[in-house]
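First comes the structure, then the notes that go with it.
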There are 6 protein chains.
Amino acid sequence: MTSLLCPDAFLSPLEIDEAVTRALAEDLGRAGDVTSIATIPDGTRGHGRVVARKAGVIAGLPLVEAVYRKLAPDVDIAAHARDGAAVEARTTLLDVAGPARALLAGERAALNFLGHLSGVATATAAFVRRIGNRPTRVTCTRKTTPGLRALEKYAVRCGGGFNHRFGLDDAMLIKDNHIAVAGGIRAVLQRARAVAGHLVKIEIEVDSLDQLREVLDAGGADVVLLDNMDAATLRQAVALVGGRLVTEASGGITLETIAAVAETGVDYASSGSITHSAPNLDVALDIDIRDQNSVIRSQ
Amino acid sequence: MTSLLCPDAFLSPLEIDEAVTRALAEDLGRAGDVTSIATIPDGTRGHGRVVARKAGVIAGLPLVEAVYRKLAPDVDIAAHARDGAAVEARTTLLDVAGPARALLAGERAALNFLGHLSGVATATAAFVRRIGNRPTRVTCTRKTTPGLRALEKYAVRCGGGFNHRFGLDDAMLIKDNHIAVAGGIRAVLQRARAVAGHLVKIEIEVDSLDQLREVLDAGGADVVLLDNMDAATLRQAVALVGGRLVTEASGGITLETIAAVAETGVDYASSGSITHSAPNLDVALDIDIRDQNSVIRSQ
Amino acid sequence: MTSLLCPDAFLSPLEIDEAVTRALAEDLGRAGDVTSIATIPDGTRGHGRVVARKAGVIAGLPLVEAVYRKLAPDVDIAAHARDGAAVEARTTLLDVAGPARALLAGERAALNFLGHLSGVATATAAFVRRIGNRPTRVTCTRKTTPGLRALEKYAVRCGGGFNHRFGLDDAMLIKDNHIAVAGGIRAVLQRARAVAGHLVKIEIEVDSLDQLREVLDAGGADVVLLDNMDAATLRQAVALVGGRLVTEASGGITLETIAAVAETGVDYASSGSITHSAPNLDVALDIDIRDQNSVIRSQ
Amino acid sequence: MTSLLCPDAFLSPLEIDEAVTRALAEDLGRAGDVTSIATIPDGTRGHGRVVARKAGVIAGLPLVEAVYRKLAPDVDIAAHARDGAAVEARTTLLDVAGPARALLAGERAALNFLGHLSGVATATAAFVRRIGNRPTRVTCTRKTTPGLRALEKYAVRCGGGFNHRFGLDDAMLIKDNHIAVAGGIRAVLQRARAVAGHLVKIEIEVDSLDQLREVLDAGGADVVLLDNMDAATLRQAVALVGGRLVTEASGGITLETIAAVAETGVDYASSGSITHSAPNLDVALDIDIRDQNSVIRSQ
Amino acid sequence: MTSLLCPDAFLSPLEIDEAVTRALAEDLGRAGDVTSIATIPDGTRGHGRVVARKAGVIAGLPLVEAVYRKLAPDVDIAAHARDGAAVEARTTLLDVAGPARALLAGERAALNFLGHLSGVATATAAFVRRIGNRPTRVTCTRKTTPGLRALEKYAVRCGGGFNHRFGLDDAMLIKDNHIAVAGGIRAVLQRARAVAGHLVKIEIEVDSLDQLREVLDAGGADVVLLDNMDAATLRQAVALVGGRLVTEASGGITLETIAAVAETGVDYASSGSITHSAPNLDVALDIDIRDQNSVIRSQ
Amino acid sequence: MTSLLCPDAFLSPLEIDEAVTRALAEDLGRAGDVTSIATIPDGTRGHGRVVARKAGVIAGLPLVEAVYRKLAPDVDIAAHARDGAAVEARTTLLDVAGPARALLAGERAALNFLGHLSGVATATAAFVRRIGNRPTRVTCTRKTTPGLRALEKYAVRCGGGFNHRFGLDDAMLIKDNHIAVAGGIRAVLQRARAVAGHLVKIEIEVDSLDQLREVLDAGGADVVLLDNMDAATLRQAVALVGGRLVTEASGGITLETIAAVAETGVDYASSGSITHSAPNLDVALDIDIRDQNSVIRSQ
């Protein structure tokens, strides 16, 4: 099943299994696909074609495969694309052949995964494209759909973006409240460095050049988050840092502003919208139940 | 906890508990909020204010409450709004007081629920507003975010919409493949009626007036889905049905076209975008850790 | 695995997996089949024959198969019947060959499923048989064994019955308390219709012909539940309805009275006893450990 | 919550929580009690009375309590009986007051537990009553409803019966296949004793007096299961054993034959029917929504 | 998968699946093996060799296999040993070939199981070896690592030990508090015997010969636990019992004292340290990614 | 419940709940504490005292509390110590009063957590103590007991140690295989840096000074793991690094060698034995059932 994963990213088979089980459970409910049971004779076979109706970057094919393997272990699947692929409109992504009832029962769960995750990947890729050759990297945030964080972070990677923290626990991000309670920037960085282990990075958020200078003076940070600065200020900040820290711009960055942000030379630009507000990519499953003899290349 | 629920809709306490547990698990990870543990002394208390930064319809407050009860059972919560409320920008929705570490640790999980579900409710309400006094009802589809169907269907209700099927099992929806395999519209409706119990409604999809006439002749359907028809055809279809069936318009209905669709007199208009592509509502949690003596009205 | 399912009914593979895992967990406990581990050498193979000792209608064979696949993925299974089959006493239903320890360890879990669900199917079929050629349909209720509702509803279908609501959520059933609070039959039906979506049927319970007349006058109901009426009253009720609503008789219907109930022309007759009080069908697993060379037809 | 448990038996709070969660999940489904949400105003309170309509032995009250606590943590409960109580017809067992929607939503889950488990307890008590003063004890088997073993074993205790093995793992029960493979009774008992720890009892099944003599000669068994013997043979068997082993009669024992079996002096008589085929006890929940000021004694 | 299990012991496939899923979940986290994803090209294959670096008794190979099957279902595994085997230092236990990323991702989870359980087995075997030809048996206690009881009890069996109770529920163990509340040894044994079923053994703890005499006089116990007695007192106790009860010595028994304890003739000697304080056995996985053509014997 | 946590470390309430539920499930089994049910009258109350019998550093008190809250929500608990405390032998840590049956039923689960985690904390503290005033920090590894990683990492913090990676996903650790496949140290570091996000630290393992020089030349690493070097080589390595990277010594470090390792000036010294081979701390629960009127200070 791993062969459909984006080569440079990872989704745990445990995560896939859990997500697919939950999605099927909510769609099959207690009685299953009552329409197909009533109208499609048991034993009828069919053929389905998963198609991207619009152009975009694909993420979620391993979940499509898992949906069908769960419903009918002997289903026959041939993929024509892999997660991370940028495809044109009307591209066939995957063929699936098997029991017609299973093809119909899995359709919505499969497409909901594929449409949502490809939507995230496509939104990410749009930011990446606007940056062009500049070295700035697009990164996501923790503003993800509840329960789908690992999947959406994976989709960001499929779209060419980079991942910020996966949770509260895999890096420190010091914000205004932490600074205030600890008694200032120098104090908070000392305290953080004293507690953090050697494999935990420390990022600190600043919203002015003065604060940034304090951070540089204090030492102890690995990354500085430059919050809600306009392009001119960002450029000054990047110059001030002079490569001593990794820089991240954050706050209200859109497709319209990303090029200007990248132009400042900042290392990372983060956007919550690529995970929490990306529209679905339009994907469909064209099922032909009568075409039972169609031969598909087995994977 | 039920008092924050929208009065006319329902979200199971089991569903709330499961969703909140999963969201916290993915955010706390294995080591929890390492930043706050390092920088905020244990025992520090604080006060948070959940605010809608933009105008919208609210959904998800019971999940905000559940997030905090799970992290700190003795947290003090005072709600100023309830799910289903339409609020202006900069409205305070809820105050929460308790351990500062818990306030910070729960922030993102709480806001991710509230932003996402209020986004769905707000998108739904926008459709409802465009319809105005016309009797047409807005309804969702099964194009939901995987694993969040019950929550999103609830948010649709908060926004003034109605729910379509919750899954494949609670009503029949006969589509082209079912018709083709069964040998035509009359045959498929007979077969469906023979198998369906007395509490299962039967809807059938048609894409032409000819098909609609066949459905009316055949009998046995409760609802007809008029797929991808323009307003003129829809109007003819509604006239043809003459109240004998419930009518639903579907396919590419947008905020721009919904008024025209409603003008045709169709009973229901469905939209997948209100669940799968609604942007988050902008919500925030303003935390003041130094304001420890602020008194909030306990619920 | 689906091929052992009753052709006209459905049991989700997720449901089967969960039920079988739970049943095996409670029987294997923490130390497994200590008797067989002590007395049957590892590597010994055997052959088992699942037999219906008494005549009845079979339900549960896919669970028998799942029990053995879970214990020994390479077990060899040949089924001679399928769920929904009416069999004579002493009918062999299924042969299974594999590791002797696994055959013995799975015996009780497999038979408990098959005996219980076949009991439900057989009890249902007994009602169906008494009705004979009359068009009345037998339906179950929500009076099911806790945790086994989907399985028992499936067994009712295997026995030739129809399913009532699967839960509180897939149809409305208005009872005395709802009527009283809403202020009468007309008011409650108006309120229900205003809230219900277009795919939710509304049933209302009446216990007198006067109440029935109110329901017919008010409109808005799809089904009327005629509660605890004697055959004469039922007949009057059916005449009064005159096909405008679907009718369901309920309350104390037994094998002795079902024919008389059907004689009244009512559309559905419901019984809680077919799920909550059906005795097990007597099924057994005859294991022959020495017969290791017996060839069974692989499925 | 423990105070409603039968004093001499046990049901784990983990088991109660899991069973109740599962039962509510299957009844609330994805949309909850749509009828009450539509027709009972939010905030309405009510009062319910759990009643045994028929005489019987009660089991399951802690599950009734748990159902309501799960739906509405602040519900007010007053119990008038405890599991294990033998009650007359029309006995009020428990009063519950709280939100009307919660009272209605929990009704079926609560009654399904109470009816099923009280059915098991009542069936057990019927056997116990027939035995009268004789020292023979009634015991259950592993022929239980899948997934409900711990609950049904508890109900057997409530009815005055004793528990056989809870699973394959807490005692050895040597049957014909074990004997055959091991090469006879002496060999199998030696092998079993060699492997069994000091806290594992060994029971062996015999179906003739000759086999019984072999068991007595071989030594090593703690209990002998006398399978399918008529009363005369049983009496001989008991005499032969002479108190050296615990004796258990098994196979086709019914309410009609249990007294004769007990008369033989056998120590235990086992019955599968008390768990797998006990009809539900008729229990009901009388809800009065208008009676909101009724005072109930808080527990 | 069962063929790697110790022939005389049992580990449920459900238990293995659950333990392996949990271990992989905590190691893969949300982003998986980020190092290998970054540095090992997708599609690279490799070969791993599981080696015992120190001499010991092996337990846990089926979990090693399950870890790899979960990560890469088509992995190729060849085992050279089986649980329960006593091996020399530098023994190859198992070869595994498959995707290099999977080999690396599963390494730590696989070794943590194998090292921990082989540690328990090896500690047990050390006690057994000190006993030599004496008939005393080593038994474990309930002092196990939380959540791993079934696995550790299995490892004790692999090491040649016997299992004490698996939990509070599969035998009675009467201690000082029980005796005190019941009003003495005779009273407590009577009460226990009255409640215990025929398949539940009763053990009672005594800490003096006087107490032991009371137990022998009272009757009703199956096993006596001789707590914290020195060798001389133990010998007297064993003589006093004279074979009428099974005897178990407990309390501070170490590798240094076990031979002296066995010399007293006691039937069982129990030790908590073999489960709660056994050091890991040193095991390793030697991975060779370049050796892709190495042929391993498929199982 | 948080107040018993070590002030500078964290254990998620979700993790605590899950671990405690699993531990109780395996100890209560299906029938619960059959001994106490038989011999301690329902309603009897008692008082327990959790005592450290030996000196050590405490970890696990929140789990003790959670065990008892789960069994008897109204139990009365007074803690006299907090996780992270270094205590003398015979120190009372916590008093608990409540139903006697619950006190006894929870004893083993509570002590197994406390003994195991305090064992890890105590083993860690022993290393810390040997280091004395030197700035070297002790860190754990991923060699943890399967399923208990978060708990054991927390216990390491209680003992004064620092945490290494929690899993494969929260930092990169480049080893020999990664280097070999990527084609050398420079290549692997480039590749890692290209893929790693800005919040992921990169550690690389070297086993010679030559390799270390390559790492220093290549740049891109944050931490270097100095594997299996003797003290003299370590000292040279630290000098070579000259503060440009964080240094970690690893491999066979014991209580005997830790001071010499620290003397080399290395920043971190890691040990797997503090998690995988730490002996339990000897803790006990002294229960007095007759002392029912003892007043304990409620928390």
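Following the order of the structure tokens, chains are lettered A, B, ..., residues in each are numbered from 1, and ligands are numbered from 1.
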Query raised in the report: Which chain E residues are at most 8 Å from chain F (counting only C-alpha atoms), as a PyMOL selection string?
Result: chain E and resi 19+22-23+26-36+38-40+105+108-109+112-113+116+142-147+149+166-174+177-178+181-182+188+191-192+195-196+276-280+287-290
Requested in this report: Skip region 226-231 of chain B itself and residues of its chain fewer than 2 positions away, then list as a ChimeraX atom specification all residues within 12 Å of it, counting only C-alpha atoms.
Outcome: /B:175-176,203-213,215,223-224,233-238,240-241,245-253,257-271
Written selection (N, CA and C atoms) as a tab-separated table (two decimals), in the first residue's frame:
chain	number	residue	atom	x	y	z
B	175	LYS	N	-29.59	6.12	-7.97
B	175	LYS	CA	-28.88	6.89	-8.99
B	175	LYS	C	-28.80	6.10	-10.29
B	176	ASP	N	-28.09	6.65	-11.26
B	176	ASP	CA	-28.04	6.06	-12.60
B	176	ASP	C	-27.62	4.60	-12.62
B	203	GLU	N	-35.56	8.19	-2.41
B	203	GLU	CA	-35.34	9.32	-3.30
B	203	GLU	C	-34.73	8.78	-4.59
B	204	ILE	N	-35.07	9.40	-5.71
B	204	ILE	CA	-34.51	8.95	-6.99
B	204	ILE	C	-34.01	10.16	-7.75
B	205	GLU	N	-32.84	9.97	-8.35
B	205	GLU	CA	-32.21	11.07	-9.09
B	205	GLU	C	-32.62	11.03	-10.55
B	206	VAL	N	-33.01	12.17	-11.10
B	206	VAL	CA	-33.30	12.24	-12.54
B	206	VAL	C	-32.55	13.44	-13.11
B	207	ASP	N	-32.21	13.36	-14.40
B	207	ASP	CA	-31.53	14.50	-15.00
B	207	ASP	C	-32.27	15.05	-16.22
B	208	SER	N	-33.51	14.61	-16.38
B	208	SER	CA	-34.31	15.16	-17.49
B	208	SER	C	-35.79	15.10	-17.12
B	209	LEU	N	-36.57	15.88	-17.84
B	209	LEU	CA	-38.00	15.87	-17.58
B	209	LEU	C	-38.61	14.54	-18.01
B	210	ASP	N	-38.04	13.91	-19.01
B	210	ASP	CA	-38.55	12.60	-19.42
B	210	ASP	C	-38.39	11.59	-18.29
B	211	GLN	N	-37.19	11.60	-17.71
B	211	GLN	CA	-36.98	10.69	-16.58
B	211	GLN	C	-37.95	11.01	-15.44
B	212	LEU	N	-38.16	12.29	-15.23
B	212	LEU	CA	-39.08	12.69	-14.16
B	212	LEU	C	-40.47	12.14	-14.41
B	213	ARG	N	-40.92	12.21	-15.66
B	213	ARG	CA	-42.26	11.68	-15.99
B	213	ARG	C	-42.33	10.18	-15.71
B	215	VAL	N	-40.68	8.59	-13.46
B	215	VAL	CA	-40.75	8.43	-12.00
B	215	VAL	C	-42.17	8.66	-11.52
B	223	VAL	N	-39.20	11.18	-2.81
B	223	VAL	CA	-38.48	12.42	-3.11
B	223	VAL	C	-37.80	12.25	-4.47
B	224	VAL	N	-37.76	13.33	-5.24
B	224	VAL	CA	-37.03	13.26	-6.50
B	224	VAL	C	-35.90	14.28	-6.48
B	233	THR	N	-35.64	24.67	-16.45
B	233	THR	CA	-36.03	23.26	-16.41
B	233	THR	C	-36.53	22.89	-15.01
B	234	LEU	N	-35.84	23.41	-13.99
B	234	LEU	CA	-36.27	23.15	-12.62
B	234	LEU	C	-37.73	23.58	-12.43
B	235	ARG	N	-38.02	24.77	-12.93
B	235	ARG	CA	-39.37	25.30	-12.77
B	235	ARG	C	-40.39	24.36	-13.43
B	236	GLN	N	-40.06	23.88	-14.64
B	236	GLN	CA	-40.96	22.94	-15.31
B	236	GLN	C	-41.12	21.65	-14.49
B	237	ALA	N	-39.98	21.21	-13.93
B	237	ALA	CA	-40.01	19.96	-13.15
B	237	ALA	C	-40.91	20.11	-11.94
B	238	VAL	N	-40.78	21.24	-11.26
B	238	VAL	CA	-41.61	21.46	-10.07
B	238	VAL	C	-43.08	21.46	-10.46
B	240	LEU	N	-44.43	19.97	-13.03
B	240	LEU	CA	-44.78	18.61	-13.42
B	240	LEU	C	-45.10	17.75	-12.19
B	241	VAL	N	-44.28	17.90	-11.16
B	241	VAL	CA	-44.46	17.10	-9.94
B	241	VAL	C	-45.77	17.50	-9.25
B	245	LEU	N	-44.57	14.70	-5.08
B	245	LEU	CA	-43.31	14.25	-4.45
B	245	LEU	C	-42.63	15.47	-3.84
B	246	VAL	N	-41.73	15.23	-2.92
B	246	VAL	CA	-40.84	16.29	-2.46
B	246	VAL	C	-39.76	16.46	-3.51
B	247	THR	N	-39.42	17.70	-3.81
B	247	THR	CA	-38.41	17.95	-4.85
B	247	THR	C	-37.12	18.51	-4.25
B	248	GLU	N	-35.99	18.07	-4.79
B	248	GLU	CA	-34.68	18.55	-4.36
B	248	GLU	C	-33.84	18.91	-5.57
B	249	ALA	N	-33.33	20.12	-5.59
B	249	ALA	CA	-32.42	20.52	-6.66
B	249	ALA	C	-30.99	20.31	-6.21
B	250	SER	N	-30.15	19.85	-7.13
B	250	SER	CA	-28.79	19.50	-6.74
B	250	SER	C	-27.84	19.78	-7.90
B	251	GLY	N	-26.58	20.06	-7.57
B	251	GLY	CA	-25.58	20.19	-8.63
B	251	GLY	C	-25.14	21.62	-8.86
B	252	GLY	N	-24.00	21.97	-8.38
B	252	GLY	CA	-23.40	23.25	-8.70
B	252	GLY	C	-24.16	24.47	-8.21
B	253	ILE	N	-24.96	24.29	-7.17
B	253	ILE	CA	-25.69	25.44	-6.63
B	253	ILE	C	-24.75	26.29	-5.77
B	257	THR	N	-26.40	31.50	-7.28
B	257	THR	CA	-27.54	30.93	-7.99
B	257	THR	C	-28.68	30.50	-7.07
B	258	ILE	N	-28.43	30.49	-5.77
B	258	ILE	CA	-29.42	29.89	-4.87
B	258	ILE	C	-30.76	30.62	-4.90
B	259	ALA	N	-30.73	31.93	-5.05
B	259	ALA	CA	-32.01	32.66	-5.06
B	259	ALA	C	-32.83	32.25	-6.27
B	260	ALA	N	-32.17	32.13	-7.41
B	260	ALA	CA	-32.88	31.73	-8.63
B	260	ALA	C	-33.42	30.32	-8.50
B	261	VAL	N	-32.64	29.45	-7.86
B	261	VAL	CA	-33.11	28.08	-7.64
B	261	VAL	C	-34.35	28.10	-6.75
B	262	ALA	N	-34.29	28.86	-5.69
B	262	ALA	CA	-35.43	28.93	-4.77
B	262	ALA	C	-36.66	29.49	-5.47
B	263	GLU	N	-36.42	30.41	-6.38
B	263	GLU	CA	-37.53	31.03	-7.12
B	263	GLU	C	-38.34	30.00	-7.92
B	264	THR	N	-37.73	28.87	-8.25
B	264	THR	CA	-38.45	27.84	-9.03
B	264	THR	C	-39.48	27.10	-8.19
B	265	GLY	N	-39.43	27.29	-6.87
B	265	GLY	CA	-40.40	26.63	-6.01
B	265	GLY	C	-39.98	25.25	-5.55
B	266	VAL	N	-38.73	24.87	-5.86
B	266	VAL	CA	-38.25	23.55	-5.44
B	266	VAL	C	-38.24	23.50	-3.90
B	267	ASP	N	-38.49	22.30	-3.33
B	267	ASP	CA	-38.60	22.20	-1.86
B	267	ASP	C	-37.23	22.29	-1.17
B	268	TYR	N	-36.24	21.62	-1.73
B	268	TYR	CA	-34.91	21.60	-1.11
B	268	TYR	C	-33.85	21.92	-2.15
B	269	ALA	N	-32.81	22.61	-1.72
B	269	ALA	CA	-31.65	22.84	-2.57
B	269	ALA	C	-30.44	22.36	-1.79
B	270	SER	N	-29.64	21.46	-2.39
B	270	SER	CA	-28.52	20.88	-1.63
B	270	SER	C	-27.19	21.42	-2.10
B	271	SER	N	-26.26	21.51	-1.19
B	271	SER	CA	-24.93	22.01	-1.50
B	271	SER	C	-23.87	21.24	-0.73
Find the residues near Ala89 (chain D): any atom within 6 Å, counting only C-alpha atoms, skip ones fewer than 3 places away on the same chain, and give them as a CSV table (one decimal) with N, CA, C and O atoms, in the first residue's frame.
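Wrote it out as result_18.csv, contents follow:
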chain,number,residue,atom,x,y,z
D,52,ALA,N,-41.1,-3.0,37.3
D,52,ALA,CA,-41.2,-4.4,36.8
D,52,ALA,C,-42.6,-4.7,36.6
D,52,ALA,O,-43.4,-4.7,37.6
D,53,ARG,N,-43.0,-5.0,35.4
D,53,ARG,CA,-44.5,-5.3,35.2
D,53,ARG,C,-44.8,-6.7,35.6
D,53,ARG,O,-46.0,-7.0,35.9
D,54,LYS,N,-43.8,-7.6,35.5
D,54,LYS,CA,-44.0,-8.9,35.9
D,54,LYS,C,-43.1,-9.2,37.1
D,54,LYS,O,-42.1,-8.5,37.3
D,55,ALA,N,-43.5,-10.3,37.9
D,55,ALA,CA,-42.6,-10.7,39.0
D,55,ALA,C,-41.3,-11.3,38.5
D,55,ALA,O,-41.3,-11.9,37.4
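From CA of Phe162 (chain A) back to CA of Ala125 (chain A), the distance works out to 11.1 Å.
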**Report entry** Sel. of strand (DSSP E or B) residues, region 1-165 of chain B, as a list in words
**Finding:** Arg45, Gly46, His47, Gly48, Arg49, Val50, Val51, Ala52, Gly56, Val57, Asp76, Ile77, Ala78, Ala79, Ala86, Val87, Thr91, Thr92, Leu93, Leu94, Asp95, Val96, Ala97, Gly98, Pro99, Arg137, Val138, Thr139 and Phe162 of chain B
Requested in this report: Quick one: everything within 7 Å of Ser118 (chain E), counting only C-alpha atoms, minus sequence neighbours fewer than 6 positions away in the same chain. Send it as JSON, numbers by chain.
Outcome: {"E": [57, 58, 59, 60, 155, 280, 281]}
Based on the selection just made, write N, CA, C and O atoms of those residues as a PDB file, in the first residue's frame.
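Saved to part_31.pdb:
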ATOM      1  N   VAL E  57      17.075 -16.883  27.495  1.00  0.00           N
ATOM      2  CA  VAL E  57      15.912 -17.610  26.997  1.00  0.00           C
ATOM      3  C   VAL E  57      15.031 -16.618  26.236  1.00  0.00           C
ATOM      4  O   VAL E  57      14.749 -15.530  26.719  1.00  0.00           O
ATOM      5  N   ILE E  58      14.610 -17.023  25.065  1.00  0.00           N
ATOM      6  CA  ILE E  58      13.939 -16.108  24.138  1.00  0.00           C
ATOM      7  C   ILE E  58      12.427 -16.081  24.369  1.00  0.00           C
ATOM      8  O   ILE E  58      11.789 -17.121  24.527  1.00  0.00           O
ATOM      9  N   ALA E  59      11.870 -14.876  24.358  1.00  0.00           N
ATOM     10  CA  ALA E  59      10.409 -14.708  24.354  1.00  0.00           C
ATOM     11  C   ALA E  59      10.112 -13.415  23.609  1.00  0.00           C
ATOM     12  O   ALA E  59      10.764 -12.395  23.844  1.00  0.00           O
ATOM     13  N   GLY E  60       9.160 -13.483  22.694  1.00  0.00           N
ATOM     14  CA  GLY E  60       8.740 -12.276  21.989  1.00  0.00           C
ATOM     15  C   GLY E  60       8.888 -12.322  20.481  1.00  0.00           C
ATOM     16  O   GLY E  60       8.529 -11.350  19.802  1.00  0.00           O
ATOM     17  N   ALA E 155       5.889 -14.900  29.066  1.00  0.00           N
ATOM     18  CA  ALA E 155       7.351 -14.984  29.098  1.00  0.00           C
ATOM     19  C   ALA E 155       7.824 -15.852  30.267  1.00  0.00           C
ATOM     20  O   ALA E 155       8.823 -16.561  30.166  1.00  0.00           O
ATOM     21  N   ASN E 280      16.498  -6.167  30.832  1.00  0.00           N
ATOM     22  CA  ASN E 280      16.351  -6.572  29.429  1.00  0.00           C
ATOM     23  C   ASN E 280      17.451  -7.538  29.007  1.00  0.00           C
ATOM     24  O   ASN E 280      18.582  -7.407  29.464  1.00  0.00           O
ATOM     25  N   LEU E 281      17.100  -8.479  28.136  1.00  0.00           N
ATOM     26  CA  LEU E 281      18.147  -9.247  27.470  1.00  0.00           C
ATOM     27  C   LEU E 281      18.678  -8.390  26.327  1.00  0.00           C
ATOM     28  O   LEU E 281      17.917  -7.707  25.646  1.00  0.00           O
TER      29      LEU E 281
END
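One finds CA of Asp95 (chain C) at 11.8 Å from CA of Ala284 (chain C).
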